[in-house]
$ cat run.cif   # mmCIF, C-alpha atoms
data_upload
#
loop_
_atom_site.label_atom_id
_atom_site.label_comp_id
_atom_site.auth_asym_id
_atom_site.auth_seq_id
_atom_site.Cartn_x
_atom_site.Cartn_y
_atom_site.Cartn_z
CA MET Z 25 -75.81 -7.30 7.49
CA THR Z 26 -73.38 -6.62 10.31
CA LYS Z 27 -69.93 -8.07 10.55
CA GLN Z 28 -70.99 -10.23 13.47
CA ASP Z 29 -73.98 -11.59 11.53
CA PHE Z 30 -71.70 -12.37 8.61
CA ILE Z 31 -69.21 -14.24 10.79
CA THR Z 32 -71.97 -16.12 12.63
CA ALA Z 33 -73.60 -17.14 9.35
CA LEU Z 34 -70.23 -18.24 8.00
CA ARG Z 35 -69.47 -20.30 11.09
CA GLY Z 36 -72.90 -21.87 10.80
CA LYS Z 37 -72.28 -23.03 7.25
CA LEU Z 38 -68.90 -24.43 8.19
CA LYS Z 39 -69.97 -26.25 11.34
CA LYS Z 40 -68.92 -29.63 9.99
CA PHE Z 41 -65.44 -28.44 9.04
CA PRO Z 42 -62.31 -28.70 11.23
CA ASN Z 43 -62.49 -25.83 13.75
CA LYS Z 44 -58.85 -24.80 13.65
CA GLU Z 45 -58.80 -24.37 9.86
CA VAL Z 46 -62.09 -22.49 9.84
CA GLU Z 47 -61.18 -20.16 12.70
CA ASP Z 48 -57.77 -19.42 11.21
CA ARG Z 49 -59.42 -18.28 8.01
CA ILE Z 50 -62.20 -16.41 9.76
CA SER Z 51 -59.73 -14.35 11.80
CA PHE Z 52 -57.88 -13.60 8.56
CA TYR Z 53 -61.06 -12.26 6.97
CA CYS Z 54 -61.99 -10.41 10.16
CA GLU Z 55 -58.67 -8.63 10.14
CA ILE Z 56 -59.20 -7.52 6.55
CA ILE Z 57 -62.75 -6.35 7.26
CA ASP Z 58 -61.52 -4.33 10.26
CA ASP Z 59 -58.72 -2.80 8.20
CA SER Z 60 -61.15 -1.89 5.41
CA ILE Z 61 -63.36 -0.13 7.95
CA GLU Z 62 -60.35 1.67 9.39
CA GLU Z 63 -59.51 2.92 5.92
CA GLY Z 64 -62.92 4.53 5.68
CA LEU Z 65 -65.30 1.92 4.31
CA THR Z 66 -68.57 1.25 6.09
CA GLU Z 67 -69.14 -2.19 7.54
CA GLU Z 68 -71.56 -2.95 4.72
CA GLN Z 69 -69.12 -1.85 2.04
CA ALA Z 70 -66.34 -3.93 3.56
CA LEU Z 71 -68.56 -7.03 3.60
CA LEU Z 72 -69.71 -6.39 0.05
CA LYS Z 73 -66.13 -6.23 -1.10
CA LEU Z 74 -65.45 -9.59 0.53
CA GLY Z 75 -68.31 -11.44 -1.12
CA SER Z 76 -71.42 -13.27 -0.01
CA VAL Z 77 -71.46 -15.71 2.90
CA ASP Z 78 -72.00 -18.53 0.40
CA ASP Z 79 -69.02 -17.45 -1.73
CA ILE Z 80 -66.67 -17.34 1.24
CA ALA Z 81 -68.02 -20.60 2.68
CA ASN Z 82 -67.52 -22.33 -0.68
CA GLN Z 83 -63.99 -20.96 -0.97
CA ILE Z 84 -63.05 -22.07 2.53
CA ALA Z 85 -64.60 -25.50 1.95
CA SER Z 86 -62.67 -26.01 -1.27
CA GLN Z 87 -59.36 -25.07 0.33
CA ILE Z 88 -59.44 -27.45 3.29
CA PRO Z 89 -58.06 -30.91 2.43
CA LEU Z 90 -60.77 -33.56 2.17
CA ARG Z 91 -59.06 -35.98 4.52
CA LYS Z 92 -59.11 -33.36 7.30
CA ILE Z 93 -62.82 -32.80 6.74
CA VAL Z 94 -63.59 -36.51 6.82
CA LYS Z 95 -61.38 -37.05 9.88
CA HIS Z 96 -63.16 -34.26 11.70
CA ASN Z 97 -66.56 -35.77 10.98
CA VAL Z 98 -65.66 -39.36 11.75
CA LYS Z 99 -64.42 -38.49 15.22
CA PRO Z 100 -67.38 -38.56 17.62
CA THR Z 101 -68.09 -35.07 18.94
CA ARG Z 102 -69.78 -36.24 22.09
CA LYS Z 103 -69.85 -39.36 24.14
CA LEU Z 104 -72.52 -41.78 22.96
CA LYS Z 105 -75.37 -42.64 25.28
CA VAL Z 106 -75.77 -46.28 26.23
CA TRP Z 107 -78.85 -46.89 24.08
CA GLU Z 108 -77.14 -45.23 21.12
CA THR Z 109 -74.17 -47.55 21.49
CA ILE Z 110 -76.44 -50.60 21.73
CA LEU Z 111 -78.42 -49.47 18.70
CA LEU Z 112 -75.23 -48.97 16.72
CA ILE Z 113 -73.98 -52.44 17.57
CA VAL Z 114 -77.30 -54.18 16.97
CA GLY Z 115 -77.91 -52.37 13.73
CA SER Z 116 -74.35 -52.80 12.51
CA PRO Z 117 -75.10 -55.67 10.10
CA ILE Z 118 -77.36 -53.24 8.28
CA TRP Z 119 -75.58 -49.90 8.39
CA LEU Z 120 -72.11 -51.35 8.27
CA SER Z 121 -72.82 -53.48 5.21
CA LEU Z 122 -74.61 -50.55 3.55
CA LEU Z 123 -71.63 -48.31 4.22
CA ILE Z 124 -69.22 -50.93 2.93
CA SER Z 125 -71.26 -51.45 -0.23
CA LEU Z 126 -71.44 -47.69 -0.80
CA PHE Z 127 -67.68 -47.38 -0.53
CA ALA Z 128 -67.27 -50.47 -2.70
CA VAL Z 129 -69.45 -48.97 -5.45
CA VAL Z 130 -67.67 -45.63 -5.40
CA PHE Z 131 -64.28 -47.32 -5.28
CA SER Z 132 -65.06 -49.70 -8.13
CA VAL Z 133 -66.33 -46.88 -10.36
CA PHE Z 134 -63.09 -45.04 -9.77
CA ALA Z 135 -61.02 -48.18 -10.16
CA SER Z 136 -62.62 -48.94 -13.54
CA LEU Z 137 -62.10 -45.40 -14.80
CA TRP Z 138 -58.47 -45.40 -13.80
CA SER Z 139 -57.89 -48.88 -15.18
CA VAL Z 140 -59.16 -47.66 -18.56
CA ASP Z 141 -56.53 -44.98 -18.28
CA ILE Z 142 -53.86 -47.50 -17.31
CA SER Z 143 -54.85 -49.72 -20.24
CA PHE Z 144 -54.41 -46.83 -22.64
CA TRP Z 145 -50.93 -46.21 -21.31
CA ALA Z 146 -50.12 -49.92 -21.48
CA ILE Z 147 -51.16 -49.97 -25.13
CA THR Z 148 -49.11 -46.84 -25.73
CA ILE Z 149 -46.01 -48.41 -24.21
CA ALA Z 150 -46.58 -51.61 -26.19
CA PHE Z 151 -46.70 -49.70 -29.47
CA VAL Z 152 -43.80 -47.43 -28.63
CA VAL Z 153 -41.61 -50.38 -27.64
CA CYS Z 154 -42.62 -52.84 -30.35
CA GLY Z 155 -42.48 -50.34 -33.17
CA PRO Z 156 -38.73 -49.69 -33.08
CA LEU Z 157 -38.08 -53.35 -32.26
CA ALA Z 158 -39.97 -54.42 -35.38
CA VAL Z 159 -38.05 -51.90 -37.47
CA ILE Z 160 -34.75 -53.25 -36.17
CA LEU Z 161 -35.97 -56.81 -36.76
CA GLY Z 162 -36.95 -55.81 -40.27
CA PHE Z 163 -33.44 -54.62 -41.06
CA ILE Z 164 -32.12 -57.93 -39.77
CA PHE Z 165 -34.65 -59.82 -41.93
CA ILE Z 166 -33.39 -58.04 -45.06
CA PHE Z 167 -30.05 -59.72 -44.66
CA VAL Z 168 -31.02 -62.97 -42.91
CA LYS Z 169 -34.26 -63.71 -44.78
CA SER Z 170 -35.27 -61.69 -47.83
CA GLY Z 171 -35.75 -58.05 -48.82
CA ALA Z 172 -39.51 -58.46 -49.09
CA GLU Z 173 -39.95 -59.86 -45.61
CA GLY Z 174 -37.52 -57.34 -44.22
CA PHE Z 175 -39.27 -54.31 -45.68
CA ALA Z 176 -42.67 -55.67 -44.69
CA MET Z 177 -41.44 -55.90 -41.10
CA ILE Z 178 -39.98 -52.39 -41.22
CA GLY Z 179 -43.29 -51.13 -42.55
CA ALA Z 180 -45.18 -52.88 -39.78
CA GLY Z 181 -42.81 -51.39 -37.24
CA LEU Z 182 -43.38 -47.87 -38.55
CA VAL Z 183 -47.14 -48.40 -38.38
CA LEU Z 184 -46.83 -49.51 -34.76
CA LEU Z 185 -44.67 -46.48 -34.00
CA GLY Z 186 -47.25 -44.21 -35.59
CA LEU Z 187 -50.02 -45.77 -33.56
CA GLY Z 188 -47.82 -45.38 -30.51
CA ILE Z 189 -47.52 -41.62 -31.09
CA LEU Z 190 -51.29 -41.37 -31.53
CA PHE Z 191 -51.87 -43.28 -28.34
CA VAL Z 192 -49.50 -41.05 -26.39
CA PHE Z 193 -51.79 -38.12 -27.17
CA LEU Z 194 -54.92 -40.13 -26.39
CA SER Z 195 -53.53 -41.41 -23.12
CA LYS Z 196 -52.45 -37.93 -22.02
CA LEU Z 197 -55.91 -36.61 -22.87
CA ILE Z 198 -57.69 -39.35 -20.94
CA THR Z 199 -55.42 -38.91 -17.92
CA ALA Z 200 -56.00 -35.14 -17.94
CA LEU Z 201 -59.78 -35.63 -18.13
CA LEU Z 202 -59.72 -38.18 -15.33
CA VAL Z 203 -57.66 -35.91 -13.08
CA LYS Z 204 -60.13 -33.09 -13.73
CA LEU Z 205 -63.07 -35.40 -12.98
CA THR Z 206 -61.47 -36.59 -9.76
CA LYS Z 207 -60.89 -32.99 -8.64
CA LEU Z 208 -64.50 -32.07 -9.40
CA LEU Z 209 -65.73 -35.06 -7.44
CA ILE Z 210 -63.59 -34.21 -4.42
CA LEU Z 211 -64.90 -30.64 -4.55
CA ALA Z 212 -68.49 -31.91 -4.72
CA VAL Z 213 -67.91 -34.11 -1.67
CA LYS Z 214 -66.42 -31.17 0.25
CA LYS Z 215 -69.38 -28.95 -0.61
CA ALA Z 216 -71.72 -31.67 0.62
CA PHE Z 217 -70.48 -30.87 4.14
CA LEU Z 218 -71.65 -27.26 3.90
CA ILE Z 219 -74.77 -26.57 5.90
CA GLY Z 220 -77.76 -25.03 4.17
CA GLY Z 221 -78.01 -22.62 1.26
CA LYS Z 222 -77.61 -23.21 -2.45
CA ASN Z 223 -74.25 -24.23 -3.82
CA ASN Z 224 -72.62 -21.41 -5.70
CA GLU Z 225 -69.89 -21.28 -8.27
CA ILE Z 226 -66.48 -21.00 -6.70
CA ASN Z 227 -64.53 -17.94 -7.81
CA ASN Z 228 -60.87 -18.76 -7.72
CA MET S 16 -53.72 -12.14 -17.69
CA ASP S 17 -53.32 -15.78 -18.65
CA VAL S 18 -54.40 -18.01 -15.73
CA GLN S 19 -51.27 -20.16 -15.66
CA LEU S 20 -48.97 -17.17 -15.84
CA LYS S 21 -50.89 -15.43 -13.06
CA ARG S 22 -50.66 -18.40 -10.73
CA GLY S 23 -46.88 -18.58 -10.99
CA ILE S 24 -46.45 -14.88 -10.51
CA LEU S 25 -48.73 -14.26 -7.53
CA ASP S 26 -46.33 -15.78 -5.02
CA VAL S 27 -43.62 -13.44 -6.22
CA CYS S 28 -46.02 -10.47 -6.14
CA VAL S 29 -46.86 -11.08 -2.50
CA LEU S 30 -43.17 -11.50 -1.61
CA SER S 31 -42.44 -8.23 -3.37
CA ALA S 32 -45.10 -6.45 -1.38
CA ILE S 33 -43.23 -7.37 1.81
CA LYS S 34 -39.76 -6.97 0.32
CA THR S 35 -38.73 -3.72 1.96
CA GLU S 36 -40.84 -3.85 5.11
CA GLU S 37 -43.25 -6.24 6.76
CA SER S 38 -46.89 -5.79 5.86
CA TYR S 39 -50.38 -7.08 6.67
CA GLY S 40 -53.20 -8.66 4.65
CA TYR S 41 -55.29 -5.63 3.74
CA LYS S 42 -52.25 -3.54 2.87
CA ILE S 43 -50.77 -6.26 0.67
CA ILE S 44 -53.96 -6.43 -1.39
CA LYS S 45 -54.08 -2.64 -1.63
CA ASP S 46 -50.42 -2.31 -2.65
CA LEU S 47 -50.77 -4.96 -5.33
CA LYS S 48 -54.02 -3.57 -6.74
CA PRO S 49 -52.39 -1.53 -9.56
CA TYR S 50 -50.61 -4.67 -10.72
CA VAL S 51 -52.93 -7.60 -10.02
CA GLU S 52 -56.36 -8.23 -8.51
CA LEU S 53 -55.93 -10.43 -5.48
CA SER S 54 -58.91 -11.92 -3.67
CA GLU S 55 -58.73 -12.39 0.09
CA SER S 56 -59.01 -16.16 -0.14
CA THR S 57 -56.26 -16.34 -2.75
CA LEU S 58 -54.00 -14.21 -0.56
CA TYR S 59 -54.67 -16.47 2.42
CA THR S 60 -53.62 -19.55 0.45
CA ILE S 61 -50.51 -17.83 -0.89
CA LEU S 62 -49.43 -16.56 2.53
CA LYS S 63 -49.91 -20.02 4.05
CA ARG S 64 -47.89 -21.61 1.27
CA LEU S 65 -45.09 -19.04 1.54
CA GLU S 66 -44.97 -19.54 5.30
CA GLU S 67 -44.70 -23.30 4.91
CA SER S 68 -41.86 -22.87 2.43
CA ASN S 69 -40.07 -20.54 4.88
CA LEU S 70 -40.22 -17.65 2.46
CA LEU S 71 -41.83 -15.45 5.11
CA THR S 72 -42.48 -15.33 8.85
CA VAL S 73 -45.64 -14.25 10.69
CA ARG S 74 -46.11 -12.36 13.92
CA SER S 75 -49.16 -10.92 15.66
CA VAL S 76 -49.08 -7.27 16.68
CA GLU S 77 -51.65 -5.40 18.74
CA HIS S 78 -53.37 -2.63 16.81
CA SER S 79 -56.36 -0.58 17.95
CA GLY S 80 -57.45 -3.20 20.43
CA ARG S 81 -57.25 -6.11 18.03
CA LEU S 82 -54.55 -8.41 16.71
CA ARG S 83 -53.06 -7.85 13.29
CA LYS S 84 -50.82 -10.38 11.56
CA TYR S 85 -47.64 -8.99 10.04
CA TYR S 86 -45.76 -10.91 7.37
CA LYS S 87 -42.01 -10.48 6.97
CA ILE S 88 -39.83 -11.78 4.15
CA THR S 89 -36.98 -14.18 4.94
CA LYS S 90 -33.56 -14.56 3.34
CA THR S 91 -34.95 -17.49 1.37
CA GLY S 92 -37.79 -15.27 0.22
CA LEU S 93 -35.37 -12.64 -1.02
CA GLY S 94 -33.53 -15.42 -2.82
CA ARG S 95 -36.74 -16.40 -4.57
CA LEU S 96 -37.22 -12.81 -5.74
CA LYS S 97 -33.67 -12.76 -7.10
CA GLU S 98 -34.37 -16.04 -8.91
CA PHE S 99 -37.49 -14.51 -10.42
CA LYS S 100 -35.62 -11.46 -11.69
CA ASN S 101 -33.02 -13.65 -13.36
CA GLU S 102 -35.67 -15.84 -14.99
CA TRP S 103 -37.47 -12.82 -16.36
CA ARG S 104 -34.38 -11.06 -17.65
CA ASP S 105 -34.44 -13.56 -20.49
CA VAL S 106 -38.17 -13.13 -20.97
CA MET S 107 -37.64 -9.37 -21.26
CA LYS S 108 -35.07 -9.91 -23.99
CA ILE S 109 -37.57 -12.03 -25.88
CA TYR S 110 -40.21 -9.35 -25.36
CA GLU S 111 -37.91 -6.76 -26.91
CA TYR S 112 -37.32 -9.10 -29.82
CA VAL S 113 -41.02 -9.76 -30.35
CA SER S 114 -41.81 -6.05 -30.22
CA ARG S 115 -38.98 -4.90 -32.44
CA GLY S 116 -40.04 -2.55 -35.14
CA ASP S 117 -43.66 -2.41 -33.97
CA ASN S 118 -45.34 0.96 -33.59
CA ASN S 119 -47.22 1.03 -30.29
CA ASP S 120 -50.41 -0.90 -31.06
#

$ encode --input "run.cif" --output "structure tokens"
Amino acid sequence: MTKQDFITALRGKLKKFPNKEVEDRISFYCEIIDDSIEEGLTEEQALLKLGSVDDIANQIASQIPLRKIVKHNVKPTRKLKVWETILLIVGSPIWLSLLISLFAVVFSVFASLWSVDISFWAITIAFVVCGPLAVILGFIFIFVKSGAEGFAMIGAGLVLLGLGILFVFLSKLITALLVKLTKLLILAVKKAFLIGGKNNEINN
Amino acid sequence: MDVQLKRGILDVCVLSAIKTEESYGYKIIKDLKPYVELSESTLYTILKRLEESNLLTVRSVEHSGRLRKYYKITKTGLGRLKEFKNEWRDVMKIYEYVSRGDNND
């Protein structure tokens, strides 16, 4: 494969991505390929060292922020013909409501996942706050009410505190998992904009 | 090398490569090869990040009929390197302590 073929193939895969970002990266890679050749490598060796077209396309896709990708695709790339505009307007009850429901589904799935996370943290805070309060209350009970009630309250407070510590770990774990899941999802959406070819593992 | 450790150190590695004189992409990768394996895409991200943080400046120079980007360290960049050396002075002391009495194994 020649350098030009490589670049053309790469551009082809990244057609739906913001031009400026893609071109900036492509010229960076071009420069390195040219320098490798100057240092004595053949064109083929230089390209091999870089990686496959899929690898590089995946890497570029993963590095460009999602909002830039979406923005670039939402902007119309050419003026719409009259019949296209009419069709869009007439069909809008269908496609618009479908689009809205799609976003609503995706959003609600995410909202539910994150609200589970928020609930865990709320429980954690409840335990961590109530535990010490109950212990303090227990000490007060010893003098104001009776030793038995006081110690029972202190005991309950310590249990709550213990549960609080447990829940801190659980909440941190769930948050970490959710963050990882969100990142994976964003990456999957980005890769969906790549044109053609199988999706490969991204080497970071 | 541990992934987390590597990520924190790569910025400093790249800055070091351009510490004494400005350099370009291919040369930076080559110079750093004995110390760390740097992929082209990783270097691109690092250089962009360093530029945004004003730790280096970029200029295009004509070379053999094409344009080559040269990266030059800034005063802030040199400050970052100094910071790194200070941070790691303590780490080195700990290293000595951990290795005390060991025969090279």

$ residues_around --input "run.cif" --residues "Val73 of chain S" --least-positions-apart "4" --cutoff "10 Å" --atoms "all atoms listed in the file" --output "number ranges by chain"
S: 37-39, 62-63, 66, 84-88

$ atom_distance --input "run.cif" --atom1 "atom CA of Ser56 of chain S" --atom2 "atom CA of Ser79 of chain S"
24.0 Å

$ interface_residues --input "run.cif" --of "chain S" --to "chain Z" --cutoff "8 Å" --atoms "all atoms listed in the file" --output "number ranges by chain"
S: 40-41, 55-57, 59-60, 82-83

$ write_last_selection --input "run.cif" --atoms "C-alpha atoms" --output "CSV table (one decimal), in the coordinates of the input"
chain,number,residue,atom,x,y,z
S,40,GLY,CA,-53.2,-8.7,4.6
S,41,TYR,CA,-55.3,-5.6,3.7
S,55,GLU,CA,-58.7,-12.4,0.1
S,56,SER,CA,-59.0,-16.2,-0.1
S,57,THR,CA,-56.3,-16.3,-2.8
S,59,TYR,CA,-54.7,-16.5,2.4
S,60,THR,CA,-53.6,-19.6,0.4
S,82,LEU,CA,-54.6,-8.4,16.7
S,83,ARG,CA,-53.1,-7.8,13.3

$ resolve_selection --input "run.cif" --expression "the PyMOL selection byres ((chain S and resi 92) around 9)" --output "VMD selection string"
chain S and resid 27 30 34 65 68 to 71 88 to 91 93 to 97

$ residues_around --input "run.cif" --residues "Ile88 of chain Z" --least-positions-apart "5" --cutoff "10 Å" --atoms "all atoms listed in the file" --output "PyMOL selection string"
chain Z and resi 41-42+45-46+83+93+214

$ resolve_selection --input "run.cif" --expression "the PyMOL selection byres ((chain S and resi 52) around 12)" --output "PyMOL selection string"
(chain Z and resi 228) or (chain S and resi 16+21-22+25+28-29+43-51+53-58)

$ atom_distance --input "run.cif" --atom1 "atom CA of Ile31 of chain Z" --atom2 "atom CA of Gly80 of chain S"
18.8 Å
